[in-house]
Protein chains: 2
Amino acid sequence: MSPIQTARIMDGTSLAKRIVDEAAAKAAEISRRTGTRPCLATVLVGEDPASATYVRMKRARCAKAGIKSRHIGLPATTTTAELIDTLAGLSSDSEVHGILLQHPCGPHIDERAAFEAIAPEKDVDGVTMHSFAAMSFALPGFVSCTPGGIMRLLEAYDVELAGKHAVVVGRSAILGKPAGMLLLAEDATVTYCHSRTTDLSAVVREADVVVAAVGQPRLIRGEDIKPGAVVIDAGYNPGNVGDVDYDTALTRAGLITPVPGGVGPMTIAVLLTQTVQAAANQLGMQHQ
Amino acid sequence: MSPIQTARIMDGTSLAKRIVDEAAAKAAEISRRTGTRPCLATVLVGEDPASATYVRMKRARCAKAGIKSRHIGLPATTTTAELIDTLAGLSSDSEVHGILLQHPCGPHIDERAAFEAIAPEKDVDGVTMHSFAAMSFALPGFVSCTPGGIMRLLEAYDVELAGKHAVVVGRSAILGKPAGMLLLAEDATVTYCHSRTTDLSAVVREADVVVAAVGQPRLIRGEDIKPGAVVIDAGYNPGNVGDVDYDTALTRAGLITPVPGGVGPMTIAVLLTQTVQAAANQLGMQHQ
């Protein structure tokens, strides 16, 4: 007899659709009231096919939501200084409300220096140091899109975070670290694990909420999930495999995100929402 | 029979003295080579006696180490805008290399806005959003002085952090949060606890390194210290009482900081070191 599924599936696709619909309605209102459509600038260095696909997908979603996009494709030979010039130009261009630098940019680019050329008020992808600190200190600002999407999912499924033990596996600057800071701001007790963590299983077994954000296929096993825990899989590995072993986790978790259809669609939804919010801010519209 | 002391005492006073001596030597070299003495500007709003004492103490230490200081005392009625003007002026004053805003500034001041008026290259107290993100991402920049002092103590006592479980109790912007980020950068598995943590004792019992940074007298009890753990007490409560119950912790810990004489002196030592480093950077001296 196979073990019984205990987990309710968190439907990121439906929630993302609802959020995008709201963003589209707000974009339409902005266009109507100001005569200007929100505009996202997308910047891509080089010809990496996966990156090109991501950018195309994001632009298509923008178009569908009534958000203009302007694409700047730069040759693979672009220097950091040239990329900074481009981003600084977009930062001071009043027709652009949000800026997305598709990354990774390639090993010859100082990505941090490039990110920092994005004005915080246009940092709708939440990649600047300012945005990270704002997330960490619960100050106004844009969040990293994937952690932001995770928080929207937890909220939509009424997951109580205060006093709960949240374990974040992974510590990247745009995913693990900000996810932990956002969970901490919601009063969770937060543990950061990573490749050097001695006994990952032991830590995960104590978690009320697990956020897997490390990019290792099926690293988190069902047997380590505390019965009833909330499992958020932000991993995306080749073959649509997450960082969580989904089939075994299903039999222990209380709530779980599938891959695909969990965190993935939320990321773009947050990007669009923040682009619209940036436009509203810059066009002087009142918050609703 | 009373229980046996297991802990070695971490002597912050001696280590701080050594660090200040190094800073003084470097300050002297800067003065000799450039004709300019490193200069720290201290800014105090209002007449709070404790704050005034802290500032006086910091300036006295500067003087002893050959660092100039310039004090700006502002009336308690100073507005946030006026304070920002003062700090922005110091940020663009080439005769000032480091800026310390003594805080708390009082409830009518937007302290975050004030901190952000300090140029990151003069933020020798490590309070800006930029400095926090730099600490979090292991980028060049100045650290918050108390967390920076804690890291220097751990280093001086050869505490291996990689793979160890570090528990930070407290999540303030200038102490708990940056301390956790610095420990994470050294490859510790890091847990943030705080007032909403459900079972603090249980979490502390798992810690190889405990950083108490919450400002509650004797919150951490010896019985919760894992035998042999490293205990860093960054609390300072009335009556020279730390956040750790020192007498009981002594019988369980492997290493422990006393209060006073542990973390406290390290904080000023880091402030002086960073002021000298800021001067070296701004005066165009090569790193040694």
# chains A, B, ... in the order shown; residues from 1 in each chain; ligands from 1
>>> residues_around(residues="stretch 133-146 of chain B", least_positions_apart="3", cutoff="7 Å", atoms="only C-alpha atoms", output="PyMOL selection string")
(chain A and resi 129+132-133+173) or (chain B and resi 123-127+129-130+149-150+174-175+178+181-182+185+266-267+270-271+274)
>>> residues_around(residues="A:Val168", least_positions_apart="6", cutoff="8 Å", atoms="only C-alpha atoms", output="PyMOL selection string")
chain A and resi 176+179-180+190-193+210-213
>>> select_by_dssp(residues="stretch 32-270 of chain A", states="alpha helix (DSSP H)", output="PDB file with N, CA and C atoms, in the first residue's frame")
ATOM      1  N   ARG A  32      -5.213  55.075 -17.972  1.00  0.00           N
ATOM      2  CA  ARG A  32      -6.397  55.920 -18.145  1.00  0.00           C
ATOM      3  C   ARG A  32      -6.196  57.266 -17.441  1.00  0.00           C
ATOM      4  N   ARG A  33      -5.674  57.211 -16.237  1.00  0.00           N
ATOM      5  CA  ARG A  33      -5.592  58.458 -15.465  1.00  0.00           C
ATOM      6  C   ARG A  33      -4.414  59.337 -15.844  1.00  0.00           C
ATOM      7  N   THR A  34      -3.335  58.726 -16.321  1.00  0.00           N
ATOM      8  CA  THR A  34      -2.137  59.535 -16.593  1.00  0.00           C
ATOM      9  C   THR A  34      -1.783  59.612 -18.078  1.00  0.00           C
ATOM     10  N   PRO A  49      20.489  31.080 -24.586  1.00  0.00           N
ATOM     11  CA  PRO A  49      19.110  30.784 -25.017  1.00  0.00           C
ATOM     12  C   PRO A  49      18.126  30.746 -23.842  1.00  0.00           C
ATOM     13  N   ALA A  50      18.536  30.186 -22.697  1.00  0.00           N
ATOM     14  CA  ALA A  50      17.614  30.114 -21.557  1.00  0.00           C
ATOM     15  C   ALA A  50      17.266  31.514 -21.069  1.00  0.00           C
ATOM     16  N   SER A  51      18.280  32.372 -20.963  1.00  0.00           N
ATOM     17  CA  SER A  51      18.040  33.746 -20.517  1.00  0.00           C
ATOM     18  C   SER A  51      17.134  34.473 -21.508  1.00  0.00           C
ATOM     19  N   ALA A  52      17.392  34.284 -22.798  1.00  0.00           N
ATOM     20  CA  ALA A  52      16.571  34.932 -23.827  1.00  0.00           C
ATOM     21  C   ALA A  52      15.122  34.486 -23.696  1.00  0.00           C
ATOM     22  N   THR A  53      14.919  33.215 -23.392  1.00  0.00           N
ATOM     23  CA  THR A  53      13.559  32.687 -23.224  1.00  0.00           C
ATOM     24  C   THR A  53      12.876  33.318 -22.024  1.00  0.00           C
ATOM     25  N   TYR A  54      13.623  33.410 -20.911  1.00  0.00           N
ATOM     26  CA  TYR A  54      13.059  34.047 -19.713  1.00  0.00           C
ATOM     27  C   TYR A  54      12.599  35.470 -20.018  1.00  0.00           C
ATOM     28  N   VAL A  55      13.465  36.212 -20.677  1.00  0.00           N
ATOM     29  CA  VAL A  55      13.136  37.617 -20.968  1.00  0.00           C
ATOM     30  C   VAL A  55      11.910  37.689 -21.880  1.00  0.00           C
ATOM     31  N   ARG A  56      11.874  36.836 -22.911  1.00  0.00           N
ATOM     32  CA  ARG A  56      10.719  36.826 -23.825  1.00  0.00           C
ATOM     33  C   ARG A  56       9.435  36.543 -23.058  1.00  0.00           C
ATOM     34  N   MET A  57       9.517  35.581 -22.145  1.00  0.00           N
ATOM     35  CA  MET A  57       8.343  35.191 -21.361  1.00  0.00           C
ATOM     36  C   MET A  57       7.879  36.362 -20.484  1.00  0.00           C
ATOM     37  N   LYS A  58       8.835  37.006 -19.855  1.00  0.00           N
ATOM     38  CA  LYS A  58       8.474  38.139 -18.991  1.00  0.00           C
ATOM     39  C   LYS A  58       7.850  39.266 -19.813  1.00  0.00           C
ATOM     40  N   ARG A  59       8.404  39.525 -20.996  1.00  0.00           N
ATOM     41  CA  ARG A  59       7.855  40.594 -21.829  1.00  0.00           C
ATOM     42  C   ARG A  59       6.460  40.228 -22.324  1.00  0.00           C
ATOM     43  N   ALA A  60       6.266  38.944 -22.638  1.00  0.00           N
ATOM     44  CA  ALA A  60       4.938  38.511 -23.102  1.00  0.00           C
ATOM     45  C   ALA A  60       3.910  38.705 -21.985  1.00  0.00           C
ATOM     46  N   ARG A  61       4.305  38.399 -20.751  1.00  0.00           N
ATOM     47  CA  ARG A  61       3.388  38.574 -19.625  1.00  0.00           C
ATOM     48  C   ARG A  61       3.080  40.048 -19.397  1.00  0.00           C
ATOM     49  N   CYS A  62       4.104  40.867 -19.547  1.00  0.00           N
ATOM     50  CA  CYS A  62       3.883  42.317 -19.444  1.00  0.00           C
ATOM     51  C   CYS A  62       2.834  42.755 -20.465  1.00  0.00           C
ATOM     52  N   ALA A  63       3.052  42.356 -21.714  1.00  0.00           N
ATOM     53  CA  ALA A  63       2.155  42.781 -22.800  1.00  0.00           C
ATOM     54  C   ALA A  63       0.720  42.392 -22.476  1.00  0.00           C
ATOM     55  N   LYS A  64       0.564  41.163 -21.990  1.00  0.00           N
ATOM     56  CA  LYS A  64      -0.778  40.660 -21.678  1.00  0.00           C
ATOM     57  C   LYS A  64      -1.433  41.452 -20.542  1.00  0.00           C
ATOM     58  N   THR A  80      31.468  45.668 -18.040  1.00  0.00           N
ATOM     59  CA  THR A  80      30.715  46.125 -16.869  1.00  0.00           C
ATOM     60  C   THR A  80      30.414  47.616 -16.980  1.00  0.00           C
ATOM     61  N   ALA A  81      31.411  48.391 -17.399  1.00  0.00           N
ATOM     62  CA  ALA A  81      31.226  49.851 -17.496  1.00  0.00           C
ATOM     63  C   ALA A  81      30.120  50.191 -18.493  1.00  0.00           C
ATOM     64  N   GLU A  82      30.106  49.488 -19.612  1.00  0.00           N
ATOM     65  CA  GLU A  82      29.055  49.749 -20.619  1.00  0.00           C
ATOM     66  C   GLU A  82      27.676  49.358 -20.075  1.00  0.00           C
ATOM     67  N   LEU A  83      27.635  48.240 -19.387  1.00  0.00           N
ATOM     68  CA  LEU A  83      26.359  47.791 -18.818  1.00  0.00           C
ATOM     69  C   LEU A  83      25.859  48.795 -17.772  1.00  0.00           C
ATOM     70  N   ILE A  84      26.784  49.286 -16.954  1.00  0.00           N
ATOM     71  CA  ILE A  84      26.424  50.296 -15.948  1.00  0.00           C
ATOM     72  C   ILE A  84      25.883  51.553 -16.624  1.00  0.00           C
ATOM     73  N   ASP A  85      26.537  51.964 -17.708  1.00  0.00           N
ATOM     74  CA  ASP A  85      26.045  53.131 -18.456  1.00  0.00           C
ATOM     75  C   ASP A  85      24.605  52.928 -18.918  1.00  0.00           C
ATOM     76  N   THR A  86      24.351  51.753 -19.468  1.00  0.00           N
ATOM     77  CA  THR A  86      23.002  51.453 -19.957  1.00  0.00           C
ATOM     78  C   THR A  86      21.996  51.517 -18.821  1.00  0.00           C
ATOM     79  N   LEU A  87      22.332  50.889 -17.684  1.00  0.00           N
ATOM     80  CA  LEU A  87      21.394  50.832 -16.555  1.00  0.00           C
ATOM     81  C   LEU A  87      21.213  52.210 -15.922  1.00  0.00           C
ATOM     82  N   ALA A  88      22.282  52.981 -15.873  1.00  0.00           N
ATOM     83  CA  ALA A  88      22.169  54.338 -15.325  1.00  0.00           C
ATOM     84  C   ALA A  88      21.290  55.191 -16.233  1.00  0.00           C
ATOM     85  N   GLY A  89      21.438  54.995 -17.535  1.00  0.00           N
ATOM     86  CA  GLY A  89      20.597  55.724 -18.488  1.00  0.00           C
ATOM     87  C   GLY A  89      19.124  55.395 -18.281  1.00  0.00           C
ATOM     88  N   LEU A  90      18.832  54.117 -18.105  1.00  0.00           N
ATOM     89  CA  LEU A  90      17.438  53.707 -17.872  1.00  0.00           C
ATOM     90  C   LEU A  90      16.939  54.233 -16.522  1.00  0.00           C
ATOM     91  N   SER A  91      17.837  54.295 -15.557  1.00  0.00           N
ATOM     92  CA  SER A  91      17.452  54.784 -14.226  1.00  0.00           C
ATOM     93  C   SER A  91      17.006  56.238 -14.282  1.00  0.00           C
ATOM     94  N   GLU A 111      28.495  41.714 -11.568  1.00  0.00           N
ATOM     95  CA  GLU A 111      27.039  41.782 -11.499  1.00  0.00           C
ATOM     96  C   GLU A 111      26.577  42.719 -10.380  1.00  0.00           C
ATOM     97  N   ARG A 112      27.272  42.694  -9.257  1.00  0.00           N
ATOM     98  CA  ARG A 112      26.873  43.561  -8.142  1.00  0.00           C
ATOM     99  C   ARG A 112      26.960  45.029  -8.561  1.00  0.00           C
ATOM    100  N   ALA A 113      28.061  45.387  -9.225  1.00  0.00           N
ATOM    101  CA  ALA A 113      28.223  46.772  -9.685  1.00  0.00           C
ATOM    102  C   ALA A 113      27.095  47.132 -10.657  1.00  0.00           C
ATOM    103  N   ALA A 114      26.723  46.184 -11.500  1.00  0.00           N
ATOM    104  CA  ALA A 114      25.647  46.443 -12.459  1.00  0.00           C
ATOM    105  C   ALA A 114      24.319  46.652 -11.734  1.00  0.00           C
ATOM    106  N   PHE A 115      24.000  45.753 -10.821  1.00  0.00           N
ATOM    107  CA  PHE A 115      22.743  45.891 -10.060  1.00  0.00           C
ATOM    108  C   PHE A 115      22.667  47.279  -9.404  1.00  0.00           C
ATOM    109  N   MET A 129      21.326  46.461  -3.302  1.00  0.00           N
ATOM    110  CA  MET A 129      21.656  46.412  -1.877  1.00  0.00           C
ATOM    111  C   MET A 129      20.604  47.178  -1.079  1.00  0.00           C
ATOM    112  N   HIS A 130      20.154  48.288  -1.615  1.00  0.00           N
ATOM    113  CA  HIS A 130      19.129  49.075  -0.933  1.00  0.00           C
ATOM    114  C   HIS A 130      17.858  48.244  -0.733  1.00  0.00           C
ATOM    115  N   SER A 131      17.448  47.545  -1.773  1.00  0.00           N
ATOM    116  CA  SER A 131      16.227  46.730  -1.665  1.00  0.00           C
ATOM    117  C   SER A 131      16.420  45.625  -0.631  1.00  0.00           C
ATOM    118  N   PHE A 132      17.597  45.013  -0.618  1.00  0.00           N
ATOM    119  CA  PHE A 132      17.841  43.944   0.361  1.00  0.00           C
ATOM    120  C   PHE A 132      17.746  44.475   1.786  1.00  0.00           C
ATOM    121  N   ALA A 133      18.378  45.619   2.026  1.00  0.00           N
ATOM    122  CA  ALA A 133      18.332  46.189   3.376  1.00  0.00           C
ATOM    123  C   ALA A 133      16.902  46.597   3.730  1.00  0.00           C
ATOM    124  N   ALA A 134      16.177  47.130   2.765  1.00  0.00           N
ATOM    125  CA  ALA A 134      14.784  47.519   3.033  1.00  0.00           C
ATOM    126  C   ALA A 134      13.960  46.291   3.425  1.00  0.00           C
ATOM    127  N   MET A 135      14.163  45.173   2.714  1.00  0.00           N
ATOM    128  CA  MET A 135      13.480  43.925   3.089  1.00  0.00           C
ATOM    129  C   MET A 135      13.872  43.508   4.498  1.00  0.00           C
ATOM    130  N   SER A 136      15.158  43.643   4.798  1.00  0.00           N
ATOM    131  CA  SER A 136      15.674  43.174   6.086  1.00  0.00           C
ATOM    132  C   SER A 136      15.161  44.018   7.243  1.00  0.00           C
ATOM    133  N   CYS A 145      11.838  39.134  -6.246  1.00  0.00           N
ATOM    134  CA  CYS A 145      10.551  38.624  -6.725  1.00  0.00           C
ATOM    135  C   CYS A 145      10.227  37.227  -6.202  1.00  0.00           C
ATOM    136  N   THR A 146      11.199  36.332  -6.176  1.00  0.00           N
ATOM    137  CA  THR A 146      10.883  34.975  -5.720  1.00  0.00           C
ATOM    138  C   THR A 146      10.557  34.937  -4.227  1.00  0.00           C
ATOM    139  N   PRO A 147      11.387  35.517  -3.362  1.00  0.00           N
ATOM    140  CA  PRO A 147      10.985  35.582  -1.951  1.00  0.00           C
ATOM    141  C   PRO A 147       9.660  36.310  -1.753  1.00  0.00           C
ATOM    142  N   GLY A 148       9.458  37.369  -2.509  1.00  0.00           N
ATOM    143  CA  GLY A 148       8.180  38.081  -2.419  1.00  0.00           C
ATOM    144  C   GLY A 148       7.019  37.169  -2.801  1.00  0.00           C
ATOM    145  N   GLY A 149       7.221  36.367  -3.831  1.00  0.00           N
ATOM    146  CA  GLY A 149       6.183  35.425  -4.258  1.00  0.00           C
ATOM    147  C   GLY A 149       5.915  34.364  -3.196  1.00  0.00           C
ATOM    148  N   ILE A 150       6.970  33.919  -2.553  1.00  0.00           N
ATOM    149  CA  ILE A 150       6.817  32.937  -1.472  1.00  0.00           C
ATOM    150  C   ILE A 150       5.961  33.524  -0.349  1.00  0.00           C
ATOM    151  N   MET A 151       6.226  34.775   0.013  1.00  0.00           N
ATOM    152  CA  MET A 151       5.464  35.391   1.106  1.00  0.00           C
ATOM    153  C   MET A 151       3.990  35.548   0.717  1.00  0.00           C
ATOM    154  N   ARG A 152       3.731  35.879  -0.550  1.00  0.00           N
ATOM    155  CA  ARG A 152       2.337  35.995  -1.001  1.00  0.00           C
ATOM    156  C   ARG A 152       1.632  34.642  -0.938  1.00  0.00           C
ATOM    157  N   LEU A 153       2.348  33.588  -1.302  1.00  0.00           N
ATOM    158  CA  LEU A 153       1.777  32.238  -1.217  1.00  0.00           C
ATOM    159  C   LEU A 153       1.426  31.881   0.230  1.00  0.00           C
ATOM    160  N   LEU A 154       2.372  32.134   1.137  1.00  0.00           N
ATOM    161  CA  LEU A 154       2.145  31.797   2.552  1.00  0.00           C
ATOM    162  C   LEU A 154       0.940  32.568   3.089  1.00  0.00           C
ATOM    163  N   GLU A 155       0.847  33.825   2.672  1.00  0.00           N
ATOM    164  CA  GLU A 155      -0.262  34.670   3.113  1.00  0.00           C
ATOM    165  C   GLU A 155      -1.595  34.141   2.555  1.00  0.00           C
ATOM    166  N   ALA A 156      -1.571  33.785   1.286  1.00  0.00           N
ATOM    167  CA  ALA A 156      -2.818  33.330   0.644  1.00  0.00           C
ATOM    168  C   ALA A 156      -3.338  32.044   1.282  1.00  0.00           C
ATOM    169  N   GLY A 176      17.684  33.024  -1.070  1.00  0.00           N
ATOM    170  CA  GLY A 176      17.737  32.536   0.308  1.00  0.00           C
ATOM    171  C   GLY A 176      17.820  33.655   1.340  1.00  0.00           C
ATOM    172  N   LYS A 177      18.789  34.535   1.169  1.00  0.00           N
ATOM    173  CA  LYS A 177      18.969  35.580   2.189  1.00  0.00           C
ATOM    174  C   LYS A 177      17.734  36.464   2.339  1.00  0.00           C
ATOM    175  N   PRO A 178      17.200  37.020   1.251  1.00  0.00           N
ATOM    176  CA  PRO A 178      15.999  37.850   1.459  1.00  0.00           C
ATOM    177  C   PRO A 178      14.795  37.043   1.929  1.00  0.00           C
ATOM    178  N   ALA A 179      14.662  35.792   1.516  1.00  0.00           N
ATOM    179  CA  ALA A 179      13.528  34.987   2.000  1.00  0.00           C
ATOM    180  C   ALA A 179      13.583  34.890   3.524  1.00  0.00           C
ATOM    181  N   GLY A 180      14.770  34.620   4.057  1.00  0.00           N
ATOM    182  CA  GLY A 180      14.914  34.537   5.506  1.00  0.00           C
ATOM    183  C   GLY A 180      14.572  35.853   6.188  1.00  0.00           C
ATOM    184  N   MET A 181      15.002  36.950   5.607  1.00  0.00           N
ATOM    185  CA  MET A 181      14.737  38.265   6.214  1.00  0.00           C
ATOM    186  C   MET A 181      13.237  38.583   6.201  1.00  0.00           C
ATOM    187  N   LEU A 182      12.557  38.208   5.134  1.00  0.00           N
ATOM    188  CA  LEU A 182      11.109  38.461   5.073  1.00  0.00           C
ATOM    189  C   LEU A 182      10.370  37.580   6.092  1.00  0.00           C
ATOM    190  N   LEU A 183      10.818  36.353   6.262  1.00  0.00           N
ATOM    191  CA  LEU A 183      10.202  35.464   7.259  1.00  0.00           C
ATOM    192  C   LEU A 183      10.454  35.991   8.674  1.00  0.00           C
ATOM    193  N   LEU A 184      11.651  36.506   8.892  1.00  0.00           N
ATOM    194  CA  LEU A 184      11.996  37.079  10.198  1.00  0.00           C
ATOM    195  C   LEU A 184      11.119  38.299  10.497  1.00  0.00           C
ATOM    196  N   ALA A 185      10.862  39.088   9.464  1.00  0.00           N
ATOM    197  CA  ALA A 185      10.009  40.275   9.645  1.00  0.00           C
ATOM    198  C   ALA A 185       8.581  39.874  10.028  1.00  0.00           C
ATOM    199  N   LEU A 200      22.019  18.691   7.792  1.00  0.00           N
ATOM    200  CA  LEU A 200      20.852  19.365   7.224  1.00  0.00           C
ATOM    201  C   LEU A 200      19.555  18.666   7.630  1.00  0.00           C
ATOM    202  N   SER A 201      19.555  17.340   7.567  1.00  0.00           N
ATOM    203  CA  SER A 201      18.339  16.593   7.908  1.00  0.00           C
ATOM    204  C   SER A 201      17.841  16.946   9.298  1.00  0.00           C
ATOM    205  N   ALA A 202      18.767  17.016  10.239  1.00  0.00           N
ATOM    206  CA  ALA A 202      18.376  17.303  11.621  1.00  0.00           C
ATOM    207  C   ALA A 202      17.730  18.675  11.736  1.00  0.00           C
ATOM    208  N   VAL A 203      18.253  19.641  11.008  1.00  0.00           N
ATOM    209  CA  VAL A 203      17.687  20.991  11.069  1.00  0.00           C
ATOM    210  C   VAL A 203      16.309  21.020  10.407  1.00  0.00           C
ATOM    211  N   VAL A 204      16.211  20.396   9.242  1.00  0.00           N
ATOM    212  CA  VAL A 204      14.934  20.398   8.507  1.00  0.00           C
ATOM    213  C   VAL A 204      13.850  19.709   9.330  1.00  0.00           C
ATOM    214  N   TYR A 246       9.404  15.532  -4.064  1.00  0.00           N
ATOM    215  CA  TYR A 246       7.973  15.850  -3.975  1.00  0.00           C
ATOM    216  C   TYR A 246       7.123  14.655  -3.539  1.00  0.00           C
ATOM    217  N   ASP A 247       7.379  13.523  -4.153  1.00  0.00           N
ATOM    218  CA  ASP A 247       6.494  12.377  -3.909  1.00  0.00           C
ATOM    219  C   ASP A 247       6.522  11.929  -2.446  1.00  0.00           C
ATOM    220  N   THR A 248       7.714  11.921  -1.855  1.00  0.00           N
ATOM    221  CA  THR A 248       7.774  11.504  -0.452  1.00  0.00           C
ATOM    222  C   THR A 248       7.331  12.634   0.481  1.00  0.00           C
ATOM    223  N   ALA A 249       7.608  13.886   0.089  1.00  0.00           N
ATOM    224  CA  ALA A 249       7.211  15.018   0.935  1.00  0.00           C
ATOM    225  C   ALA A 249       5.687  15.137   1.015  1.00  0.00           C
ATOM    226  N   VAL A 263       6.058  28.055  -6.843  1.00  0.00           N
ATOM    227  CA  VAL A 263       6.736  29.343  -6.673  1.00  0.00           C
ATOM    228  C   VAL A 263       6.975  30.036  -8.014  1.00  0.00           C
ATOM    229  N   GLY A 264       7.283  29.248  -9.051  1.00  0.00           N
ATOM    230  CA  GLY A 264       7.660  29.810 -10.352  1.00  0.00           C
ATOM    231  C   GLY A 264       6.738  30.905 -10.855  1.00  0.00           C
ATOM    232  N   PRO A 265       5.451  30.615 -11.006  1.00  0.00           N
ATOM    233  CA  PRO A 265       4.558  31.656 -11.545  1.00  0.00           C
ATOM    234  C   PRO A 265       4.432  32.874 -10.638  1.00  0.00           C
ATOM    235  N   MET A 266       4.659  32.671  -9.346  1.00  0.00           N
ATOM    236  CA  MET A 266       4.559  33.794  -8.400  1.00  0.00           C
ATOM    237  C   MET A 266       5.657  34.827  -8.652  1.00  0.00           C
ATOM    238  N   THR A 267       6.817  34.354  -9.076  1.00  0.00           N
ATOM    239  CA  THR A 267       7.946  35.255  -9.301  1.00  0.00           C
ATOM    240  C   THR A 267       7.597  36.320 -10.345  1.00  0.00           C
ATOM    241  N   ILE A 268       7.057  35.869 -11.453  1.00  0.00           N
ATOM    242  CA  ILE A 268       6.698  36.833 -12.506  1.00  0.00           C
ATOM    243  C   ILE A 268       5.543  37.717 -12.039  1.00  0.00           C
ATOM    244  N   ALA A 269       4.609  37.136 -11.305  1.00  0.00           N
ATOM    245  CA  ALA A 269       3.474  37.937 -10.826  1.00  0.00           C
ATOM    246  C   ALA A 269       3.955  39.100  -9.956  1.00  0.00           C
ATOM    247  N   VAL A 270       4.936  38.819  -9.096  1.00  0.00           N
ATOM    248  CA  VAL A 270       5.467  39.884  -8.241  1.00  0.00           C
ATOM    249  C   VAL A 270       6.206  40.922  -9.089  1.00  0.00           C
TER     250      VAL A 270
END
>>> closest_residue(among="A:Ala24, A:Ile72, A:Ala207, A:Cys39", to="chain B", atoms="only C-alpha atoms")
A:Ala207
>>> atom_distance(atom1="atom CA of B:Gly12", atom2="atom CA of B:Pro260")
8.8 Å
>>> atom_distance(atom1="atom CA of B:Ala162", atom2="atom CA of B:Glu206")
15.5 Å
>>> select_by_dssp(residues="stretch 65-139 of chain B", states="strand (DSSP E)", output="number ranges by chain")
B: 68-74, 98-101
>>> write_last_selection(atoms="N, CA and C atoms", output="tab-separated table (two decimals), in the first residue's frame")
chain	number	residue	atom	x	y	z
B	68	LYS	N	41.68	62.64	15.43
B	68	LYS	CA	40.97	63.88	15.74
B	68	LYS	C	39.49	63.59	15.86
B	69	SER	N	38.76	64.37	16.67
B	69	SER	CA	37.31	64.25	16.59
B	69	SER	C	36.71	65.64	16.58
B	70	ARG	N	35.59	65.74	15.92
B	70	ARG	CA	34.86	67.02	15.86
B	70	ARG	C	33.46	66.75	16.35
B	71	HIS	N	33.08	67.43	17.42
B	71	HIS	CA	31.77	67.12	17.98
B	71	HIS	C	30.72	68.15	17.56
B	72	ILE	N	29.57	67.64	17.13
B	72	ILE	CA	28.44	68.51	16.82
B	72	ILE	C	27.30	68.15	17.76
B	73	GLY	N	27.04	69.01	18.70
B	73	GLY	CA	25.94	68.81	19.64
B	73	GLY	C	24.73	69.60	19.17
B	74	LEU	N	23.65	68.91	18.92
B	74	LEU	CA	22.44	69.58	18.42
B	74	LEU	C	21.39	69.60	19.52
B	98	GLY	N	35.19	59.96	9.09
B	98	GLY	CA	34.19	59.04	9.62
B	98	GLY	C	33.11	59.82	10.36
B	99	ILE	N	31.89	59.27	10.36
B	99	ILE	CA	30.77	59.95	11.02
B	99	ILE	C	30.08	58.98	11.97
B	100	LEU	N	29.89	59.45	13.19
B	100	LEU	CA	29.15	58.66	14.18
B	100	LEU	C	27.93	59.45	14.63
B	101	LEU	N	26.75	58.94	14.36
B	101	LEU	CA	25.54	59.54	14.91
B	101	LEU	C	25.18	58.75	16.17
>>> residues_around(residues="A:Arg205", least_positions_apart="2", cutoff="12 Å", atoms="only C-alpha atoms", output="PyMOL selection string")
chain A and resi 165-167+199-203+207-210+220-231+249+252-253
>>> write_last_selection(atoms="C-alpha atoms", output="PDB file, in the first residue's frame")
ATOM      1  CA  HIS A 165      10.506  27.835  13.003  1.00  0.00           C
ATOM      2  CA  ALA A 166      11.272  28.573   9.366  1.00  0.00           C
ATOM      3  CA  VAL A 167      14.287  26.876   7.818  1.00  0.00           C
ATOM      4  CA  ASP A 199      23.458  17.925   9.551  1.00  0.00           C
ATOM      5  CA  LEU A 200      20.852  19.365   7.224  1.00  0.00           C
ATOM      6  CA  SER A 201      18.339  16.593   7.908  1.00  0.00           C
ATOM      7  CA  ALA A 202      18.376  17.303  11.621  1.00  0.00           C
ATOM      8  CA  VAL A 203      17.687  20.991  11.069  1.00  0.00           C
ATOM      9  CA  ALA A 207      11.077  23.121  10.696  1.00  0.00           C
ATOM     10  CA  ASP A 208       7.472  24.240  10.703  1.00  0.00           C
ATOM     11  CA  VAL A 209       8.159  25.931   7.367  1.00  0.00           C
ATOM     12  CA  VAL A 210      10.858  24.795   4.925  1.00  0.00           C
ATOM     13  CA  ILE A 220      15.123  17.634   0.861  1.00  0.00           C
ATOM     14  CA  ARG A 221      13.639  14.191   1.498  1.00  0.00           C
ATOM     15  CA  GLY A 222      10.149  13.469   2.699  1.00  0.00           C
ATOM     16  CA  GLU A 223      11.407  11.560   5.724  1.00  0.00           C
ATOM     17  CA  ASP A 224      12.951  14.811   7.028  1.00  0.00           C
ATOM     18  CA  ILE A 225       9.726  16.815   6.773  1.00  0.00           C
ATOM     19  CA  LYS A 226       8.001  17.283  10.113  1.00  0.00           C
ATOM     20  CA  PRO A 227       4.432  15.996   9.815  1.00  0.00           C
ATOM     21  CA  GLY A 228       2.177  18.884   8.881  1.00  0.00           C
ATOM     22  CA  ALA A 229       5.005  21.272   7.913  1.00  0.00           C
ATOM     23  CA  VAL A 230       4.687  23.812   5.118  1.00  0.00           C
ATOM     24  CA  VAL A 231       7.102  23.025   2.291  1.00  0.00           C
ATOM     25  CA  ALA A 249       7.211  15.018   0.935  1.00  0.00           C
ATOM     26  CA  ARG A 252       4.304  14.221   5.395  1.00  0.00           C
ATOM     27  CA  ALA A 253       3.759  17.906   4.649  1.00  0.00           C
TER      28      ALA A 253
END
>>> atom_distance(atom1="atom CA of A:Leu161", atom2="atom CA of A:Leu255")
13.6 Å
>>> residues_around(residues="A:Gln216", least_positions_apart="4", cutoff="10 Å", atoms="only C-alpha atoms", output="PyMOL selection string")
chain A and resi 170+212+220+235-238+241-244
